[in-house]
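Below you'll find the structure, written out as structure tokens, and then a few comments.
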Amino acid sequence: MQDSARAEATAAPSSKARQLRDMLRSPELEFIMEAHNGLSAKIVEEAGFKGIWASGLAMSAAMGVRDNNEASWTQVLEVLEFMSDATSIPILVDGDTGWGNFNNMRRAVTKFCQRGIAGICIEDKLFPKTNSFIGEGQPLADKDEFAGKIKAGKDSQTDPDFCIVARLEAFIAGRGLSEALDRAHAYAEAGADAVLCHSKLATAEEIMAFMNNWDNKVPVVIVPTKYYATPTEDFRRAGISLAIWANHNLRASITAMRETTRRIHREESLAGIEPNITTVSEVFDLQGNAELKQAESRYLPTQAAPGAVVLAASRGEALGQLTADRPKCMIDVRGRPLLARLADTFHQAGIRDVTVVRGYAKQMINLPGIKTVDNDFYEKTGEVGSLACARDTIQGETILAYGDILFRQHFLDKLAAAPGDIVVVADALWRERGEELGPEAGDGWIRDFITCSHPFSTDFLDEEETAVTLNQMGPDLGQDDIHGEWVGLARLTARGSEIVRQEIDAMQAEGKLADAGLPTLFTRIVEKGHHVTVVYVTGQWLDIDQAADLNRAKLFL
Ligand code: SPV
Ligand code: MG
């Protein structure tokens with residue numbers, strides 16, 4: 001074997017143009033089938049056809065326009081791009097008359113080569129074209145002008161195997177066999193890779209006459225739409241190279257769509273039609289959803305997005321009338337409930353799975369995009385009691401949050417970036433916040449103070465290594481021991497979630513679940529030797545405990 005022949009034999013899958021060329025040159029009768037969009041192209045390939053006819057009639061009809069060059073050639077190009085991307089078999093494009101003169105043809109051929117189209121068929125009529133089955137005596141293009149168009153196409157193809165098929169409209173125009181043969185020779189001479197001999201008779205007599213007189217200079221293609229009753233074997237015996245089933249997907253789809261649409265309209269129901277139509281999951285299959293699944297597992301990070309558990313069972317008595325009919329998390333802040341704003345913050349961070357523990361006026365918590373669990377004993381239980389109601393949700397990466405807080409989005413980024421299985425966000429400016437809150441907040445019952453391994457320092461900005469850990473959390477810490485105030489937001493890794501679940505279980509076993517707050521839970525976890533990381537922030541959050549907080553919230557947004 002010659003080196004070049006060996007290289008050719010071992011070459012990786014041949015280009016689509018090469019596949020079409022091989023079909024045209026093969027001694028067998030080959031078949032290609034009409035498609036008019038990405039979906040029908042896939043169906044053609046799925047059925048086992050080796051090639052696709054991108055029919056001008058079918059594409060224009062699918063676009064809702066006539067087969068008179070009403071769709072521009074670039075609109076056709078867009079359709080072809082979808083068809084080509086959706087399939088791996090060659091596409092022979094119905095290029096009508098080439099959308100103008102030789103110059104338009106050059107540009108179209110170059111573009112088609114760029115988009116992986118295998119070949120173009122142009123017909124020797126005038127722009128704008130008329131479908132061959134309409135009327136009589138359609139004018140033909142000047143033979144030499146058309147030959148020049150073929151030459152220009154061949155000279156501009158960037159894929160050496162791209163095929164140009166010259167379509168003979170002599171029979172369609174009523175000009176007879178000798179005109180057809182004369183033009184066929186001229187077009188083959190000009191470089192056409194094949195000729196398409198077209199006929200609108202109900203029998204194949206014109207085609208057979210042509211074949212009997214054609215010297216096989218180039219292969220012959222036919223479109224047996226009108227002489228469909230002719231046995232395929234006759235074409236084979238006549239030495240035809242390629243038969244195009246030119247419009248049958250379009251016509252079949254019109255029949256199916258009409259039947260379905262009319263029936264649904266008549267019956268005002270889907271029940272009758274459902275067993276007769278393709279299932280939605282078959283549609284997904286055709287769209288290639290399985291490949292997307294595989295790609296997702298290959299390219300998406302394996303770590304699932306965290307879920308969030310929001311504690312929102314309490315009424316917020318200090319808010320008086322404002323919480324007469326709703327829990328404080330549902331109080332309106334500038335046109336949206338507080339909880340909706342909190343959920344938005346989570347959603348924007350990609351945290352879609354938000355579970356809210358409801359209690360007081362639970363029917364009022366009915367926002368879209370959140371799940372709920374209920375603490376029906378909210379009046380007798382504290383935060384850990386509520387958290388225990390969501391115990392089974394605390395799995396994998398989990399954010400814990402109070403339902404009455406607002407904070408800047410970057411808190412979640414800080415939480416995500418911090419090391420450790422349990423991370424809490426603490427405000428280093430707890431003193432300033434105390435002054436702002438005023439004397440009502442002085443009791444401390446609403447404030448979860450912390451002591452840590454290190455006080456807040458701006459040097460931390462430069463010392464990424466310094467992980468601050470929690471020593472203790474609670475409302476009653478000595479003023480001198482306080483390093484910050486927990487903002488009501490924490491992140492757990494899968495391991496952290498496990499630790500929290502274990503501690504909930506331990507507290508339950510000890511009978512300490514009911515009235516404990518989350519500070520007790522975190523402190524107990526620390527006392528058991530687990531690290532709880534502290535991330536400091538400086539302000540930029542608030543919680544809603546009293547009416548004045550609502551004004552702060554409005555300003556915060
Ligand atoms: C087409 O499919 O658009 C064709 C073939 O050109 S025919 O409609 O038979 O002319
Ligand atoms: Mg056409």
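Here's how to read the names in the structure tokens: chain A, B, ... by the order shown, residue numbers from 1 in each chain, ligand numbers from 1 in the order shown.
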Item to check | Cut-off 7 Å, only C-alpha atoms and all ligand atoms, neighbours of ligand 1 as a list in words | outcome: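 What falls inside 7 Å of ligand 1 is Ser55, Gly56, Leu57, Ala58, Asp94, Asp96, Asn131, Ser132, Phe133, Val223, Thr225, Ala246 and Asn247 of chain A.
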Checklist entry - So which residues touch Leu39 (chain A) within 9 Å, counting only C-alpha atoms, skipping near sequence neighbours fewer than 2 positions away, as a list in words? => result Ala35, His36, Asn37, Ala41, Lys42, Ile43, Val44, Phe82, Met83, Ala86, Leu286 and Gln287 of chain A
Checklist entry - What separation in Å, quoted to one decimal, exists between CA of Ala548 (chain A) and CA of Leu437 (chain A)? => result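 Calculated distance between CA of Ala548 (chain A) and CA of Leu437 (chain A) is 8.2 Å.
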Next on the checklist: Taking only region 43-282 of chain A into account, list the residues labelled helix (DSSP H, G or I) by DSSP (computed from the backbone), as a PyMOL selection string.
Outcome noted: chain A and resi 43-47+56-62+73-86+102-114+143-156+176-190+205-213+232-238+248-267+274-276+280-282
So that I can check the surroundings of region 510-525 of chain A, please list as an mmCIF file with C-alpha atoms, in the first residue's frame every protein, DNA and RNA residue that reaches within 10 Å of it, counting only C-alpha atoms and ignoring chain neighbours fewer than 2 positions away.
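Output file result06.cif is given in full below:
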data_model
loop_
_atom_site.group_PDB
_atom_site.id
_atom_site.type_symbol
_atom_site.label_atom_id
_atom_site.label_comp_id
_atom_site.auth_asym_id
_atom_site.auth_seq_id
_atom_site.Cartn_x
_atom_site.Cartn_y
_atom_site.Cartn_z
ATOM 1 C CA PHE A 377 -44.470 23.432 70.632
ATOM 2 C CA TYR A 378 -42.752 26.707 69.881
ATOM 3 C CA GLU A 379 -44.286 28.367 72.919
ATOM 4 C CA LYS A 380 -42.563 25.940 75.246
ATOM 5 C CA THR A 381 -39.308 25.437 73.382
ATOM 6 C CA GLY A 382 -36.258 27.471 72.527
ATOM 7 C CA GLU A 383 -34.037 27.573 69.496
ATOM 8 C CA VAL A 384 -32.518 24.130 69.914
ATOM 9 C CA GLY A 385 -36.016 22.704 70.195
ATOM 10 C CA SER A 386 -36.806 24.301 66.832
ATOM 11 C CA LEU A 387 -33.542 23.124 65.352
ATOM 12 C CA ALA A 388 -34.337 19.599 66.496
ATOM 13 C CA TYR A 402 -32.059 32.972 62.556
ATOM 14 C CA ILE A 422 -18.433 24.589 62.235
ATOM 15 C CA VAL A 424 -19.940 31.165 63.070
ATOM 16 C CA ARG A 447 -27.690 39.247 72.206
ATOM 17 C CA ASP A 448 -25.457 36.197 71.763
ATOM 18 C CA PHE A 449 -22.006 37.265 72.892
ATOM 19 C CA ILE A 450 -18.859 35.259 72.298
ATOM 20 C CA LEU A 470 -14.863 29.996 69.827
ATOM 21 C CA ASN A 471 -14.448 29.537 73.588
ATOM 22 C CA GLN A 472 -17.939 30.298 74.736
ATOM 23 C CA MET A 473 -21.197 31.802 73.510
ATOM 24 C CA GLY A 474 -24.037 33.228 75.600
ATOM 25 C CA PRO A 475 -25.915 36.304 76.754
ATOM 26 C CA TRP A 486 -22.872 36.151 67.026
ATOM 27 C CA GLY A 488 -27.180 34.344 64.017
ATOM 28 C CA ILE A 499 -21.583 16.986 65.265
ATOM 29 C CA VAL A 500 -24.636 19.230 65.582
ATOM 30 C CA GLN A 502 -25.145 14.347 67.798
ATOM 31 C CA GLU A 503 -25.336 17.289 70.198
ATOM 32 C CA ILE A 504 -29.056 17.709 69.582
ATOM 33 C CA ASP A 505 -29.473 14.014 70.399
ATOM 34 C CA ALA A 506 -27.320 14.348 73.524
ATOM 35 C CA MET A 507 -29.325 17.315 74.746
ATOM 36 C CA GLN A 508 -32.524 15.462 74.094
ATOM 37 C CA GLU A 527 -16.661 21.896 75.604
ATOM 38 C CA LYS A 528 -16.597 18.498 73.959
ATOM 39 C CA GLY A 529 -13.356 19.442 72.247
ATOM 40 C CA HIS A 530 -14.603 20.380 68.778
ATOM 41 C CA HIS A 531 -13.335 23.512 67.113
ATOM 42 C CA VAL A 532 -15.836 26.173 66.189
#
Item to check | Residues near Val487 (chain A), cut-off 10 Å, only C-alpha atoms, skip fewer than 4 positions along chain, as a PyMOL selection string | outcome: chain A and resi 401-402+405-407+424-427+430+447-449+536-537+539+541-543
Selection file, N, CA and C atoms, as a CSV table (one decimal), in the first residue's frame:
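Ended up saving to part-v6.csv:
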chain,number,residue,atom,x,y,z
A,401,ALA,N,-29.3,29.7,60.3
A,401,ALA,CA,-29.6,31.1,60.4
A,401,ALA,C,-30.8,31.4,61.2
A,402,TYR,N,-30.8,32.5,61.9
A,402,TYR,CA,-32.1,33.0,62.6
A,402,TYR,C,-32.9,33.6,61.4
A,405,ILE,N,-32.9,38.0,60.7
A,405,ILE,CA,-31.7,38.7,60.5
A,405,ILE,C,-31.6,39.2,59.0
A,406,LEU,N,-30.9,40.2,58.8
A,406,LEU,CA,-30.5,40.7,57.5
A,406,LEU,C,-29.0,40.9,57.5
A,407,PHE,N,-28.3,40.4,56.5
A,407,PHE,CA,-26.9,40.6,56.4
A,407,PHE,C,-26.4,40.8,55.0
A,424,VAL,N,-18.9,30.2,62.7
A,424,VAL,CA,-19.9,31.2,63.1
A,424,VAL,C,-19.4,32.6,62.7
A,425,VAL,N,-20.4,33.4,62.4
A,425,VAL,CA,-20.0,34.8,62.0
A,425,VAL,C,-20.3,35.7,63.3
A,426,ALA,N,-19.3,36.5,63.6
A,426,ALA,CA,-19.4,37.3,64.8
A,426,ALA,C,-19.1,38.7,64.5
A,427,ASP,N,-19.8,39.7,65.1
A,427,ASP,CA,-19.6,41.1,64.9
A,427,ASP,C,-18.6,41.6,65.9
A,430,TRP,N,-19.5,44.9,68.6
A,430,TRP,CA,-20.6,44.6,69.4
A,430,TRP,C,-20.9,45.8,70.3
A,447,ARG,N,-29.0,39.1,72.8
A,447,ARG,CA,-27.7,39.2,72.2
A,447,ARG,C,-26.8,38.0,72.6
A,448,ASP,N,-26.3,37.4,71.6
A,448,ASP,CA,-25.5,36.2,71.8
A,448,ASP,C,-24.0,36.6,71.7
A,449,PHE,N,-23.4,36.8,72.9
A,449,PHE,CA,-22.0,37.3,72.9
A,449,PHE,C,-21.1,36.1,72.8
A,536,TYR,N,-14.9,37.1,61.9
A,536,TYR,CA,-15.3,38.4,62.3
A,536,TYR,C,-15.8,39.2,61.2
A,537,VAL,N,-16.9,40.0,61.5
A,537,VAL,CA,-17.3,41.0,60.6
A,537,VAL,C,-17.4,42.3,61.4
A,539,GLY,N,-20.1,45.1,61.7
A,539,GLY,CA,-21.4,45.6,61.4
A,539,GLY,C,-21.9,45.0,60.1
A,541,TRP,N,-25.0,44.1,59.4
A,541,TRP,CA,-26.1,43.2,59.6
A,541,TRP,C,-27.0,43.7,60.7
A,542,LEU,N,-28.2,43.1,60.8
A,542,LEU,CA,-29.1,43.5,61.9
A,542,LEU,C,-30.1,42.4,62.2
A,543,ASP,N,-30.7,42.5,63.4
A,543,ASP,CA,-31.8,41.5,63.6
A,543,ASP,C,-33.0,42.4,64.0
Checklist entry - Excluding same-chain residues fewer than 6 positions from Arg491 (chain A), what lies within 10 Å of it counting only C-alpha atoms, as a list in words? => result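 Non-adjacent residues within range: Pro306, Gly307, Ala308, Glu397, Thr398, Ile399, Leu400, Ala401, Leu412, Leu415, Ala416, Ala418, Gly420, Asp421, Ile422, Val423, Val424, Val425, Ser497, Val532 and Thr533 of chain A.
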Item to check | Closest of A:Gln114, A:Arg107, A:Lys129, A:Arg18 to ligand 2 - atom-to-atom distances counting only C-alpha atoms and all ligand atoms | outcome: A:Lys129
Between region 221-313 of chain A and region 120-125 of chain A, at 12 Å or less, what are the per-residue closest atom pairs and their distances in Å? Count only C-alpha atoms, order by chain and rising residue number, and return it as a tab-separated table.
residue	atom	partner	partner_atom	distance
A:Val221	CA	A:Cys121	CA	10.1
A:Ile222	CA	A:Cys121	CA	11.6
A:Ile244	CA	A:Cys121	CA	11.7
Export all heavy atoms of the chosen residues as a tab-separated table (two decimals), in the first residue's frame?
chain	number	residue	atom	x	y	z
A	221	VAL	N	-28.33	12.23	-9.64
A	221	VAL	CA	-29.17	12.28	-8.44
A	221	VAL	C	-30.61	12.49	-8.91
A	221	VAL	O	-30.84	13.20	-9.90
A	221	VAL	CB	-28.72	13.46	-7.54
A	221	VAL	CG1	-29.56	13.53	-6.27
A	221	VAL	CG2	-27.23	13.37	-7.21
A	222	ILE	N	-31.56	11.89	-8.20
A	222	ILE	CA	-32.97	12.11	-8.56
A	222	ILE	C	-33.82	12.45	-7.32
A	222	ILE	O	-33.40	12.19	-6.19
A	222	ILE	CB	-33.60	10.87	-9.25
A	222	ILE	CG1	-33.49	9.63	-8.33
A	222	ILE	CG2	-32.96	10.63	-10.61
A	222	ILE	CD1	-34.35	8.47	-8.78
A	244	ILE	N	-33.22	11.14	-3.53
A	244	ILE	CA	-33.57	12.05	-2.42
A	244	ILE	C	-35.05	11.90	-2.10
A	244	ILE	O	-35.90	12.14	-2.97
A	244	ILE	CB	-33.27	13.52	-2.81
A	244	ILE	CG1	-31.78	13.71	-3.12
A	244	ILE	CG2	-33.72	14.46	-1.71
A	244	ILE	CD1	-31.43	15.12	-3.61
Looking only at strand (DSSP E or B) from DSSP on the backbone, list the matching residues of region 49-266 of chain A as a CSV table (one decimal) with C-alpha atoms, in the first residue's frame.
chain,number,residue,atom,x,y,z
A,52,ILE,CA,-29.7,14.5,4.9
A,53,TRP,CA,-31.4,16.6,2.2
A,54,ALA,CA,-31.9,20.1,3.6
A,91,ILE,CA,-26.0,17.4,4.7
A,92,LEU,CA,-26.7,18.2,1.0
A,93,VAL,CA,-28.3,21.7,1.0
A,94,ASP,CA,-30.9,22.7,-1.4
A,119,GLY,CA,-22.5,20.0,-0.4
A,120,ILE,CA,-24.9,22.2,-2.2
A,121,CYS,CA,-27.3,21.6,-5.0
A,122,ILE,CA,-28.2,24.6,-7.2
A,123,GLU,CA,-30.8,24.6,-10.0
A,125,LYS,CA,-33.4,28.7,-12.9
A,140,LEU,CA,-34.2,28.7,-17.2
A,163,CYS,CA,-19.8,18.7,-3.4
A,164,ILE,CA,-21.6,20.8,-5.9
A,165,VAL,CA,-24.6,19.2,-7.5
A,166,ALA,CA,-26.0,20.9,-10.6
A,167,ARG,CA,-29.8,20.5,-10.9
A,168,LEU,CA,-31.2,20.2,-14.3
A,194,ALA,CA,-23.0,15.3,-9.8
A,195,VAL,CA,-26.1,16.4,-11.8
A,196,LEU,CA,-29.6,16.2,-10.4
A,197,CYS,CA,-32.1,15.3,-13.1
A,220,VAL,CA,-26.9,11.3,-11.3
A,221,VAL,CA,-29.2,12.3,-8.4
A,222,ILE,CA,-33.0,12.1,-8.6
A,242,LEU,CA,-28.5,9.0,-5.2
A,243,ALA,CA,-32.2,9.2,-4.5
A,244,ILE,CA,-33.6,12.0,-2.4
A,245,TRP,CA,-36.7,11.5,-0.4
Item to check | Non-local contacts of Arg236 (chain A) (8 Å; only C-alpha atoms; under 5 positions in same chain excluded) as a VMD selection string | outcome: chain A and resid 28 to 29 241
Keeping N, CA, C and O atoms for every residue in the selection just given, could you write it to a file as a PDB file, in the first residue's frame?
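Now in part_18.pdb:
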ATOM      1  N   GLU A  28     -23.241   1.846  -5.643  1.00  0.00           N
ATOM      2  CA  GLU A  28     -24.577   1.491  -5.131  1.00  0.00           C
ATOM      3  C   GLU A  28     -25.538   2.669  -5.287  1.00  0.00           C
ATOM      4  O   GLU A  28     -25.114   3.815  -5.342  1.00  0.00           O
ATOM      5  N   LEU A  29     -26.826   2.357  -5.316  1.00  0.00           N
ATOM      6  CA  LEU A  29     -27.832   3.414  -5.194  1.00  0.00           C
ATOM      7  C   LEU A  29     -27.915   3.796  -3.715  1.00  0.00           C
ATOM      8  O   LEU A  29     -28.138   2.940  -2.858  1.00  0.00           O
ATOM      9  N   SER A 241     -27.288   7.221  -8.908  1.00  0.00           N
ATOM     10  CA  SER A 241     -26.348   7.201  -7.788  1.00  0.00           C
ATOM     11  C   SER A 241     -27.023   7.489  -6.443  1.00  0.00           C
ATOM     12  O   SER A 241     -26.732   6.854  -5.433  1.00  0.00           O
TER      13      SER A 241
END
Next on the checklist: Could you list, as a list in words, every residue within 8 Å of Lys217 (chain A), counting only C-alpha atoms and ignoring same-chain residues fewer than 2 positions away?
Outcome noted: His185, Ala188, Trp214, Asp215 and Pro219 of chain A
Store the residues picked out above, limited to N, CA and C atoms, as an mmCIF file, in the first residue's frame.
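File produced: out.cif:
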data_model
loop_
_atom_site.group_PDB
_atom_site.id
_atom_site.type_symbol
_atom_site.label_atom_id
_atom_site.label_comp_id
_atom_site.auth_asym_id
_atom_site.auth_seq_id
_atom_site.Cartn_x
_atom_site.Cartn_y
_atom_site.Cartn_z
ATOM 1 N N HIS A 185 -23.892 18.155 -19.665
ATOM 2 C CA HIS A 185 -22.485 18.119 -20.100
ATOM 3 C C HIS A 185 -21.769 19.416 -19.729
ATOM 4 N N ALA A 188 -21.144 19.498 -15.951
ATOM 5 C CA ALA A 188 -20.091 18.564 -15.551
ATOM 6 C C ALA A 188 -18.731 19.135 -15.960
ATOM 7 N N TRP A 214 -27.144 9.299 -21.020
ATOM 8 C CA TRP A 214 -26.091 9.997 -20.250
ATOM 9 C C TRP A 214 -24.826 9.146 -20.274
ATOM 10 N N ASP A 215 -23.694 9.817 -20.428
ATOM 11 C CA ASP A 215 -22.438 9.055 -20.582
ATOM 12 C C ASP A 215 -21.718 8.843 -19.249
ATOM 13 N N PRO A 219 -21.975 11.401 -11.529
ATOM 14 C CA PRO A 219 -23.126 10.640 -11.019
ATOM 15 C C PRO A 219 -24.446 11.414 -11.153
#
Checklist entry - What is the CA of Ser457 (chain A) to CA of Arg495 (chain A) distance in Å? => result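 Value for the CA of Ser457 (chain A)-CA of Arg495 (chain A) distance: 28.8 Å.
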Checklist entry - Which is closest to ligand 2 among A:Gln348, A:Ser156, A:Asn551, A:Ser60, if we use only C-alpha atoms and all ligand atoms? => result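 Of the candidates, the smallest distance to ligand 2 is held by A:Ser60.
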Item to check | Using only C-alpha atoms: which of A:Met330, A:Leu126, A:Leu477, A:Met23 has the shortest distance to Gly98 (chain A) | outcome: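 Closest candidate: A:Leu126.
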Checklist outcome for this item: With distances taken over only C-alpha atoms and all ligand atoms, the candidate from A:Arg66, A:Lys371, A:Arg106, A:Arg298 nearest ligand 2 is A:Arg66
Checklist entry - Counting only C-alpha atoms and all ligand atoms, which of A:Pro419, A:Pro128, A:Gly64, A:Gly478 gets nearest to ligand 2? => result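 Looking at the shortest contact to ligand 2, the residue is A:Pro128.
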Next on the checklist: For a test of reading the model, state the distance in Å between CA of Gln138 (chain A) and CA of Ala173 (chain A), rounded to one decimal.
Outcome noted: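 It comes out at 5.0 Å.
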